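Below is data.json, which holds JSON, C-alpha atoms.
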[["chain", "number", "residue", "atom", "x", "y", "z"],
["T", 1, "MET", "CA", 0.00, 0.00, 0.00],
["T", 2, "GLU", "CA", 1.41, 3.38, -1.02],
["T", 3, "THR", "CA", 2.03, 5.97, 1.70],
["T", 4, "PRO", "CA", -0.68, 8.49, 0.61],
["T", 5, "VAL", "CA", -3.32, 5.72, 0.58],
["T", 6, "PHE", "CA", -2.12, 4.44, 3.96],
["T", 7, "LEU", "CA", -2.31, 7.89, 5.57],
["T", 8, "LEU", "CA", -5.75, 8.62, 4.13],
["T", 9, "VAL", "CA", -7.14, 5.32, 5.44],
["T", 10, "ILE", "CA", -5.77, 6.12, 8.90],
["T", 11, "THR", "CA", -7.46, 9.53, 8.61],
["T", 12, "ALA", "CA", -10.71, 7.75, 7.67],
["T", 13, "ALA", "CA", -10.36, 5.58, 10.78],
["T", 14, "ALA", "CA", -10.03, 8.69, 12.94],
["T", 15, "LEU", "CA", -13.16, 10.19, 11.33],
["T", 16, "HIS", "CA", -15.00, 6.92, 11.90],
["T", 17, "ALA", "CA", -14.12, 7.04, 15.59],
["T", 18, "GLY", "CA", -15.19, 10.68, 15.68],
["T", 19, "TRP", "CA", -18.73, 10.06, 14.47],
["T", 20, "ASN", "CA", -19.05, 7.02, 16.72],
["T", 21, "ALA", "CA", -18.24, 9.31, 19.65],
["T", 22, "LEU", "CA", -21.41, 11.22, 18.76],
["T", 23, "LEU", "CA", -23.63, 8.18, 19.32],
["T", 24, "LYS", "CA", -24.54, 9.33, 22.84],
["T", 25, "ILE", "CA", -27.09, 11.92, 21.75],
["T", 26, "GLY", "CA", -30.13, 10.67, 23.63],
["T", 27, "LEU", "CA", -31.57, 8.19, 21.13],
["T", 28, "ASP", "CA", -31.44, 4.40, 21.02],
["T", 29, "ARG", "CA", -28.57, 3.06, 18.93],
["T", 30, "PHE", "CA", -30.71, 2.06, 15.95],
["T", 31, "LEU", "CA", -32.28, 5.51, 15.66],
["T", 32, "THR", "CA", -28.90, 7.18, 16.15],
["T", 33, "ALA", "CA", -27.40, 5.10, 13.34],
["T", 34, "ALA", "CA", -30.44, 5.88, 11.19],
["T", 35, "LEU", "CA", -30.13, 9.62, 11.89],
["T", 36, "ILE", "CA", -26.45, 9.61, 10.91],
["T", 37, "GLN", "CA", -27.10, 7.65, 7.70],
["T", 38, "ILE", "CA", -29.96, 9.95, 6.72],
["T", 39, "ALA", "CA", -27.85, 13.03, 7.46],
["T", 40, "ALA", "CA", -24.98, 11.61, 5.39],
["T", 41, "GLY", "CA", -27.43, 11.11, 2.55],
["T", 42, "VAL", "CA", -28.52, 14.76, 2.78],
["T", 43, "VAL", "CA", -24.88, 15.83, 2.44],
["T", 44, "ALA", "CA", -24.46, 13.46, -0.51],
["T", 45, "LEU", "CA", -27.55, 14.92, -2.19],
["T", 46, "ALA", "CA", -25.87, 18.33, -2.17],
["T", 47, "VAL", "CA", -22.94, 16.83, -4.08],
["T", 48, "LEU", "CA", -24.92, 14.81, -6.66],
["T", 49, "PRO", "CA", -25.46, 17.73, -9.09],
["T", 50, "PHE", "CA", -21.68, 17.94, -9.48],
["T", 51, "VAL", "CA", -20.97, 14.26, -10.23],
["T", 52, "ASP", "CA", -22.03, 11.91, -13.00],
["T", 53, "PRO", "CA", -24.50, 9.07, -12.42],
["T", 54, "PRO", "CA", -22.88, 5.68, -11.73],
["T", 55, "LYS", "CA", -22.32, 3.30, -14.59],
["T", 56, "LEU", "CA", -25.00, 0.66, -15.12],
["T", 57, "ALA", "CA", -22.65, -2.06, -13.82],
["T", 58, "ALA", "CA", -22.37, -0.29, -10.44],
["T", 59, "TRP", "CA", -26.07, -0.04, -9.62],
["T", 60, "PRO", "CA", -26.59, -3.66, -8.50],
["T", 61, "TRP", "CA", -23.74, -3.24, -6.01],
["T", 62, "ILE", "CA", -25.19, 0.01, -4.66],
["T", 63, "GLY", "CA", -28.53, -1.75, -4.13],
["T", 64, "LEU", "CA", -26.88, -4.76, -2.50],
["T", 65, "SER", "CA", -24.84, -2.56, -0.19],
["T", 66, "ALA", "CA", -27.96, -0.65, 0.88],
["T", 67, "LEU", "CA", -29.70, -3.92, 1.78],
["T", 68, "LEU", "CA", -26.66, -5.22, 3.65],
["T", 69, "HIS", "CA", -26.51, -2.00, 5.67],
["T", 70, "ILE", "CA", -30.03, -2.76, 6.92],
["T", 71, "GLY", "CA", -28.84, -6.13, 8.21],
["T", 72, "TYR", "CA", -25.76, -4.52, 9.72],
["T", 73, "ASN", "CA", -27.77, -1.96, 11.69],
["T", 74, "SER", "CA", -30.33, -4.56, 12.76],
["T", 75, "TYR", "CA", -27.81, -7.05, 14.15],
["T", 76, "LEU", "CA", -25.70, -4.31, 15.70],
["T", 77, "ALA", "CA", -28.74, -3.10, 17.63],
["T", 78, "ARG", "CA", -29.49, -6.70, 18.72],
["T", 79, "ALA", "CA", -25.89, -7.19, 19.84],
["T", 80, "TYR", "CA", -26.13, -4.13, 22.09],
["T", 81, "GLN", "CA", -29.08, -5.77, 23.83],
["T", 82, "HIS", "CA", -26.72, -8.53, 25.03],
["T", 83, "GLY", "CA", -23.54, -6.54, 25.71],
["T", 84, "ASP", "CA", -22.14, -3.04, 25.85],
["T", 85, "LEU", "CA", -20.05, -1.00, 23.45],
["T", 86, "GLY", "CA", -16.73, -2.21, 24.84],
["T", 87, "GLN", "CA", -17.60, -5.82, 23.95],
["T", 88, "VAL", "CA", -19.76, -5.52, 20.83],
["T", 89, "TYR", "CA", -17.67, -3.03, 18.89],
["T", 90, "PRO", "CA", -14.33, -4.90, 19.06],
["T", 91, "LEU", "CA", -15.93, -8.27, 18.30],
["T", 92, "ALA", "CA", -17.86, -7.00, 15.28],
["T", 93, "ARG", "CA", -15.26, -4.65, 13.83],
["T", 94, "GLY", "CA", -12.34, -6.99, 14.62],
["T", 95, "SER", "CA", -13.90, -10.04, 12.96],
["T", 96, "SER", "CA", -14.86, -8.41, 9.66],
["T", 97, "PRO", "CA", -11.30, -7.95, 8.27],
["T", 98, "LEU", "CA", -10.68, -11.69, 8.50],
["T", 99, "LEU", "CA", -13.88, -12.40, 6.58],
["T", 100, "VAL", "CA", -12.96, -9.75, 4.01],
["T", 101, "ALA", "CA", -9.45, -11.17, 3.66],
["T", 102, "GLY", "CA", -10.74, -14.67, 2.94],
["T", 103, "LEU", "CA", -13.54, -13.65, 0.59],
["T", 104, "SER", "CA", -11.56, -11.02, -1.33],
["T", 105, "VAL", "CA", -9.04, -13.64, -2.43],
["T", 106, "VAL", "CA", -11.85, -15.65, -4.02],
["T", 107, "LEU", "CA", -14.17, -12.89, -5.24],
["T", 108, "LEU", "CA", -11.77, -10.06, -6.15],
["T", 109, "GLU", "CA", -8.55, -12.02, -6.70],
["T", 110, "ASP", "CA", -6.71, -9.76, -4.23],
["T", 111, "ARG", "CA", -3.50, -11.20, -2.89],
["T", 112, "LEU", "CA", -1.69, -10.52, 0.38],
["T", 113, "SER", "CA", 1.98, -11.10, 1.09],
["T", 114, "ALA", "CA", 3.01, -13.12, 4.13],
["T", 115, "GLY", "CA", 4.05, -9.91, 5.90],
["T", 116, "GLU", "CA", 0.74, -8.20, 5.15],
["T", 117, "LEU", "CA", -1.18, -11.21, 6.42],
["T", 118, "LEU", "CA", 0.90, -11.24, 9.62],
["T", 119, "GLY", "CA", 0.23, -7.54, 10.19],
["T", 120, "LEU", "CA", -3.49, -8.07, 9.62],
["T", 121, "LEU", "CA", -3.64, -10.94, 12.11],
["T", 122, "VAL", "CA", -1.73, -8.97, 14.76],
["T", 123, "LEU", "CA", -4.00, -5.93, 14.30],
["T", 124, "VAL", "CA", -7.16, -8.03, 14.56],
["T", 125, "SER", "CA", -5.80, -9.80, 17.64],
["T", 126, "GLY", "CA", -5.35, -6.43, 19.33],
["T", 127, "ILE", "CA", -8.94, -5.44, 18.55],
["T", 128, "TRP", "CA", -10.26, -8.74, 19.91],
["T", 129, "LEU", "CA", -8.15, -8.29, 23.04],
["T", 130, "MET", "CA", -10.24, -5.22, 23.86],
["T", 131, "ALA", "CA", -13.35, -7.39, 24.09],
["T", 132, "VAL", "CA", -11.81, -9.61, 26.79],
["T", 133, "ARG", "CA", -12.31, -6.94, 29.44],
["T", 134, "GLY", "CA", -14.24, -4.50, 27.33],
["T", 135, "GLY", "CA", -17.61, -4.76, 29.03],
["T", 136, "ARG", "CA", -18.70, -3.16, 32.26],
["T", 137, "GLY", "CA", -17.93, -5.29, 35.25],
["T", 138, "ALA", "CA", -15.70, -7.58, 33.16],
["T", 139, "ALA", "CA", -18.80, -9.34, 31.84],
["T", 140, "ARG", "CA", -18.22, -12.52, 29.91],
["T", 141, "VAL", "CA", -19.03, -12.76, 26.24],
["T", 142, "ASN", "CA", -22.21, -14.84, 26.11],
["T", 143, "GLY", "CA", -23.47, -16.88, 23.17],
["T", 144, "SER", "CA", -26.17, -14.42, 22.13],
["T", 145, "LEU", "CA", -23.73, -11.52, 22.12],
["T", 146, "LEU", "CA", -21.15, -13.50, 20.18],
["T", 147, "GLY", "CA", -23.70, -14.66, 17.60],
["T", 148, "CYS", "CA", -25.07, -11.17, 16.97],
["T", 149, "ALA", "CA", -21.59, -9.62, 16.87],
["T", 150, "LEU", "CA", -20.40, -12.18, 14.32],
["T", 151, "MET", "CA", -23.51, -11.64, 12.19],
["T", 152, "THR", "CA", -22.76, -7.91, 12.34],
["T", 153, "ALA", "CA", -19.22, -8.67, 11.17],
["T", 154, "LEU", "CA", -20.59, -10.75, 8.31],
["T", 155, "PHE", "CA", -22.76, -7.86, 7.12],
["T", 156, "ILE", "CA", -19.79, -5.46, 7.43],
["T", 157, "ALA", "CA", -17.72, -7.81, 5.28],
["T", 158, "GLY", "CA", -20.60, -8.11, 2.81],
["T", 159, "TYR", "CA", -21.11, -4.41, 2.21],
["T", 160, "THR", "CA", -17.35, -3.81, 2.18],
["T", 161, "LEU", "CA", -16.86, -6.31, -0.64],
["T", 162, "ALA", "CA", -19.96, -5.07, -2.46],
["T", 163, "ASP", "CA", -18.72, -1.49, -2.37],
["T", 164, "ALA", "CA", -15.19, -2.43, -3.40],
["T", 165, "THR", "CA", -16.58, -4.31, -6.40],
["T", 166, "GLY", "CA", -19.04, -1.55, -7.30],
["T", 167, "ALA", "CA", -16.45, 1.24, -7.07],
["T", 168, "ARG", "CA", -13.96, -0.70, -9.15],
["T", 169, "ARG", "CA", -16.53, -1.43, -11.83],
["T", 170, "ASN", "CA", -17.73, 2.16, -11.80],
["T", 171, "GLY", "CA", -14.20, 3.49, -12.29],
["T", 172, "ASP", "CA", -14.98, 6.58, -10.17],
["T", 173, "ALA", "CA", -15.01, 6.12, -6.41],
["T", 174, "LEU", "CA", -16.42, 9.59, -5.62],
["T", 175, "THR", "CA", -19.43, 9.15, -7.89],
["T", 176, "TYR", "CA", -20.10, 5.70, -6.47],
["T", 177, "SER", "CA", -19.80, 6.91, -2.86],
["T", 178, "MET", "CA", -22.14, 9.88, -3.22],
["T", 179, "TRP", "CA", -24.87, 7.86, -4.91],
["T", 180, "LEU", "CA", -24.40, 5.04, -2.39],
["T", 181, "PHE", "CA", -24.97, 7.39, 0.55],
["T", 182, "ALA", "CA", -27.99, 8.94, -1.14],
["T", 183, "VAL", "CA", -29.55, 5.52, -1.75],
["T", 184, "ASN", "CA", -28.66, 4.35, 1.77],
["T", 185, "ALA", "CA", -30.42, 7.38, 3.24],
["T", 186, "LEU", "CA", -33.55, 6.71, 1.18],
["T", 187, "VAL", "CA", -33.63, 3.05, 2.21],
["T", 188, "MET", "CA", -33.00, 3.86, 5.87],
["T", 189, "THR", "CA", -35.77, 6.48, 5.83],
["T", 190, "MET", "CA", -38.19, 3.85, 4.51],
["T", 191, "VAL", "CA", -37.05, 1.30, 7.11],
["T", 192, "VAL", "CA", -37.55, 3.75, 9.99],
["T", 193, "ALA", "CA", -40.98, 4.78, 8.69],
["T", 194, "LEU", "CA", -42.11, 1.16, 8.31],
["T", 195, "THR", "CA", -40.67, -0.21, 11.57],
["T", 196, "ARG", "CA", -41.02, 2.74, 13.94],
["T", 197, "GLY", "CA", -43.74, 4.82, 12.29],
["T", 198, "PRO", "CA", -43.60, 8.23, 10.58],
["T", 199, "ARG", "CA", -43.90, 10.08, 13.91],
["T", 200, "THR", "CA", -40.47, 8.72, 14.85],
["T", 201, "PHE", "CA", -38.89, 11.41, 12.68],
["T", 202, "LEU", "CA", -40.15, 13.97, 15.20],
["T", 203, "GLN", "CA", -37.76, 12.37, 17.71],
["T", 204, "LEU", "CA", -34.86, 12.85, 15.33],
["T", 205, "GLY", "CA", -35.49, 16.55, 14.76],
["T", 206, "PRO", "CA", -33.98, 17.93, 17.98],
["T", 207, "HIS", "CA", -30.75, 16.01, 17.30],
["T", 208, "TRP", "CA", -30.18, 17.25, 13.74],
["T", 209, "ARG", "CA", -26.93, 19.09, 14.55],
["T", 210, "GLY", "CA", -25.26, 16.02, 16.01],
["T", 211, "GLY", "CA", -26.67, 13.90, 13.20],
["T", 212, "LEU", "CA", -25.35, 16.27, 10.54],
["T", 213, "ALA", "CA", -21.89, 16.36, 12.13],
["T", 214, "GLY", "CA", -21.82, 12.57, 12.42],
["T", 215, "GLY", "CA", -23.23, 12.11, 8.92],
["T", 216, "THR", "CA", -20.58, 14.36, 7.40],
["T", 217, "MET", "CA", -17.78, 12.49, 9.14],
["T", 218, "SER", "CA", -19.33, 9.13, 8.21],
["T", 219, "LEU", "CA", -19.59, 10.13, 4.56],
["T", 220, "ALA", "CA", -16.01, 11.41, 4.48],
["T", 221, "ALA", "CA", -14.61, 8.35, 6.30],
["T", 222, "TYR", "CA", -16.29, 5.71, 4.16],
["T", 223, "SER", "CA", -15.79, 7.62, 0.90],
["T", 224, "ILE", "CA", -12.05, 7.62, 1.60],
["T", 225, "ALA", "CA", -12.21, 3.89, 2.34],
["T", 226, "ILE", "CA", -14.10, 3.15, -0.89],
["T", 227, "TRP", "CA", -11.53, 5.13, -2.88],
["T", 228, "ALA", "CA", -8.69, 3.31, -1.10],
["T", 229, "MET", "CA", -10.23, -0.06, -2.01],
["T", 230, "THR", "CA", -9.77, 0.88, -5.68],
["T", 231, "GLN", "CA", -6.08, 1.53, -5.00],
["T", 232, "ALA", "CA", -5.07, -1.29, -2.64],
["T", 233, "PRO", "CA", -6.16, -4.78, -1.54],
["T", 234, "VAL", "CA", -9.56, -4.63, 0.15],
["T", 235, "ALA", "CA", -8.41, -6.70, 3.14],
["T", 236, "LEU", "CA", -5.65, -4.20, 4.01],
["T", 237, "VAL", "CA", -8.01, -1.23, 3.78],
["T", 238, "SER", "CA", -10.61, -3.10, 5.86],
["T", 239, "ALA", "CA", -8.06, -3.90, 8.56],
["T", 240, "LEU", "CA", -6.65, -0.38, 8.74],
["T", 241, "ARG", "CA", -10.17, 1.07, 8.96],
["T", 242, "GLU", "CA", -10.66, -0.84, 12.18],
["T", 243, "THR", "CA", -7.89, 1.13, 13.86],
["T", 244, "SER", "CA", -10.88, 3.40, 14.54],
["T", 245, "VAL", "CA", -11.16, 1.31, 17.73],
["T", 246, "LEU", "CA", -7.80, 2.72, 18.82],
["T", 247, "PHE", "CA", -8.84, 6.29, 18.04],
["T", 248, "ALA", "CA", -12.12, 5.72, 19.90],
["T", 249, "LEU", "CA", -10.19, 4.65, 23.00],
["T", 250, "LEU", "CA", -7.96, 7.72, 22.78],
["T", 251, "ILE", "CA", -11.00, 9.99, 22.46],
["T", 252, "GLY", "CA", -12.57, 8.26, 25.45],
["T", 253, "ALA", "CA", -9.46, 8.66, 27.57],
["T", 254, "LEU", "CA", -8.40, 12.17, 26.58],
["T", 255, "VAL", "CA", -11.75, 13.87, 25.92],
["T", 256, "LEU", "CA", -14.34, 11.90, 27.90],
["T", 257, "LYS", "CA", -11.91, 11.07, 30.75],
["T", 258, "GLU", "CA", -12.80, 7.38, 30.62],
["T", 259, "PRO", "CA", -10.47, 4.95, 32.48],
["T", 260, "MET", "CA", -7.77, 3.12, 30.55],
["T", 261, "PRO", "CA", -7.11, -0.24, 32.28],
["T", 262, "PRO", "CA", -3.86, -2.13, 31.57],
["T", 263, "ILE", "CA", -5.56, -4.68, 29.27],
["T", 264, "ARG", "CA", -6.66, -1.86, 26.98],
["T", 265, "LEU", "CA", -3.20, -0.32, 26.97],
["T", 266, "LEU", "CA", -1.85, -3.72, 25.93],
["T", 267, "ALA", "CA", -4.50, -3.96, 23.21],
["T", 268, "CYS", "CA", -3.53, -0.52, 21.92],
["T", 269, "GLY", "CA", 0.08, -1.64, 21.71],
["T", 270, "VAL", "CA", -0.84, -4.79, 19.78],
["T", 271, "ILE", "CA", -2.98, -2.78, 17.34],
["T", 272, "ALA", "CA", -0.15, -0.27, 16.83],
["T", 273, "LEU", "CA", 2.25, -3.15, 16.17],
["T", 274, "GLY", "CA", -0.13, -4.54, 13.57],
["T", 275, "VAL", "CA", -0.28, -1.15, 11.83],
["T", 276, "VAL", "CA", 3.53, -0.95, 11.77],
["T", 277, "LEU", "CA", 3.79, -4.45, 10.32],
["T", 278, "LEU", "CA", 1.22, -3.63, 7.63],
["T", 279, "ARG", "CA", 3.20, -0.55, 6.66],
["T", 280, "LEU", "CA", 6.71, -2.00, 6.75],
["T", 281, "LEU", "CA", 6.35, -5.62, 5.59]]

Spell out the structure here as C-alpha cells.
Amino acid sequence: METPVFLLVITAAALHAGWNALLKIGLDRFLTAALIQIAAGVVALAVLPFVDPPKLAAWPWIGLSALLHIGYNSYLARAYQHGDLGQVYPLARGSSPLLVAGLSVVLLEDRLSAGELLGLLVLVSGIWLMAVRGGRGAARVNGSLLGCALMTALFIAGYTLADATGARRNGDALTYSMWLFAVNALVMTMVVALTRGPRTFLQLGPHWRGGLAGGTMSLAAYSIAIWAMTQAPVALVSALRETSVLFALLIGALVLKEPMPPIRLLACGVIALGVVLLRLL
C-alpha cells in the first residue's frame, strides 16, 4: 500500500471514531445510526449535481450494499441488547477484516503477502483483546452476544466487498460513494418509517446538529475507504479502517476522561504493532 493511501485510510479511521463518539445523543442506537445515515445522505444529495450518475454495472452493487446495511444496523442493535459497546464493537469490527481477507481472495482475486497477512492478524488480535475486558464489570461474552456480533461482522464484510466491487466497476469512487450514501439514506428512511412509524422522525429533529456532524464524518470516512479499495487490496483497507477502535479509545481517555485499564493499553500496543507491520512488511 502506497504511503498516501495508507495515511488517508488512517485519517478515515479517525473520522469513523469521531462520528461514533457522537452516538450518545439521547436516542437508542438504531435511531442514532439511522439519523447519521440519513444526514450523510442529505450531504451526498448536495454533491450529486456535481458528479455523473454511476455506470450501469455499479447499480446492482449500490442496491446490494444498501440492503446489507439494513442487516448490519439490525444485528448491531441486537448485539447491544446482550452486551455493551466495549464488547460488541471490538468483536464486530475486529472479525470483519478476516472475513474480508478470505472472501476477497476468491471474489476479487486480491493477494496478500506473508508480511501483510501477519500484520493483519496482529492488528485483529489487538482489537479482539479489547473485548476480553471490554464490558462493564468484566462481563463474559455470552453466546447471544457473540452470535449477533459475528452476524454484524458478516454484514460489514458483505457491504465492504460489495462497495469495493461496485467502485472498481464504476471506475470513479467519488461518484459511487455519493450515490451510495444517497440511496442508503432513502432506504433507511423507509425502514424507519415502516418499523417505527412516521412520527419517529419527530424524535430525530432535535438532534439534527449532532446527526449532521456525524453524517458528514461518516460520509467522508467511508468515501475515503471506498476510494482506497480501488487503489489497494480490500483486506488491508478493511483492517486499517478498524484502527478506529484505537482512536475511539484515545477519544474516550483524553476527551471523555474514561479509564484506561492495563488490558486496553496492551490492546492498543498490539494494534499499533499490527499497523507498523502492515506498513513496513

Straight-line distance linking atom CA of Ala40 of chain T with atom CA of Thr216 of chain T, stated in Å to one decimal: 5.6 Å

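Among the candidates T:Gln231, T:Asn184, T:Ser125, T:Ser74, the one nearest to Gly269 of chain T when counting all atoms listed in the file is T:Ser125.
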
Nearest to Val5 of chain T, chosen from T:Val43, T:Ala228, T:Leu91, T:Val124, with all atoms listed in the file counted in the distances: T:Ala228

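Every protein or nucleic acid residue with an atom no more than 8 Å from segment 164-173 of chain T, counting all atoms listed in the file and leaving out same-chain residues fewer than 6 positions away, appears here: Pro54, Lys55, Ala57, Ala58, Trp59, Pro60, Trp61, Ile62, Leu108, Ser223, Ile226, Trp227, Met229, Thr230 and Val234 of chain T.
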
Do a neighbour search on Leu99 of chain T at 8 Å with only C-alpha atoms, toss out local chain neighbours closer than 4 positions, and write the hits as a tab-separated table (two decimals) with C-alpha atoms, in the frame of the given file.
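That gives us result-v5.tsv:
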chain	number	residue	atom	x	y	z
T	95	SER	CA	-13.90	-10.04	12.96
T	103	LEU	CA	-13.54	-13.65	0.59
T	153	ALA	CA	-19.22	-8.67	11.17
T	154	LEU	CA	-20.59	-10.75	8.31
T	157	ALA	CA	-17.72	-7.81	5.28

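The smallest atom-to-atom distance between Val9 of chain T and any of T:Gln203, T:Thr160, T:Asn73, T:Ser244, using all atoms listed in the file, is found for T:Ser244.
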
Nearest residue to Phe247 of chain T from the set T:Met217, T:Leu98, T:Ala66, T:Cys268 (distances using all atoms listed in the file): T:Cys268

Residue contacts of Leu202 of chain T (12 Å, only C-alpha atoms) excluding same-chain residues fewer than 2 positions away, as a PyMOL selection string: chain T and resi 27+31+35+192-193+196-200+204-208

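The two atoms in question, atom CA of Arg78 of chain T and atom CA of Thr195 of chain T, are spaced 14.8 Å apart.
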
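Across the model, the gap from atom CA of Leu68 of chain T to atom CA of Asp110 of chain T is 21.9 Å.
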
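Here the question is which of T:Ala235, T:Leu118, T:Leu240, T:Met190 gets nearest to Val106 of chain T using only C-alpha atoms, and that residue is T:Ala235.
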
Selection near segment 273-280 of chain T, 9 Å with all atoms listed in the file, sequence-local residues under 3 positions removed, as a ChimeraX atom specification: /T:1-3,6,115-126,236,239-240,243,268-270

Report as lines of an AutoDock Vina configuration file the centre and the edge lengths, in Å to one decimal, of the axis-aligned box holding every listed atom of segment 262-280 of chain T, padded by 5 Å on each side.
center_x = 0.0
center_y = -2.5
center_z = 19.1
size_x = 23.4
size_y = 14.5
size_z = 34.9

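With all atoms listed in the file as the basis for measurement, T:Pro90 is the residue among T:Pro97, T:Pro90, T:Pro233, T:Gly211 that approaches Leu145 of chain T most closely.
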
12 Å contact set for Leu146 of chain T, only C-alpha atoms, chain neighbours under 2 positions out, as a VMD selection string: chain T and resid 75 to 76 78 to 84 87 to 92 95 128 131 140 to 144 148 to 153
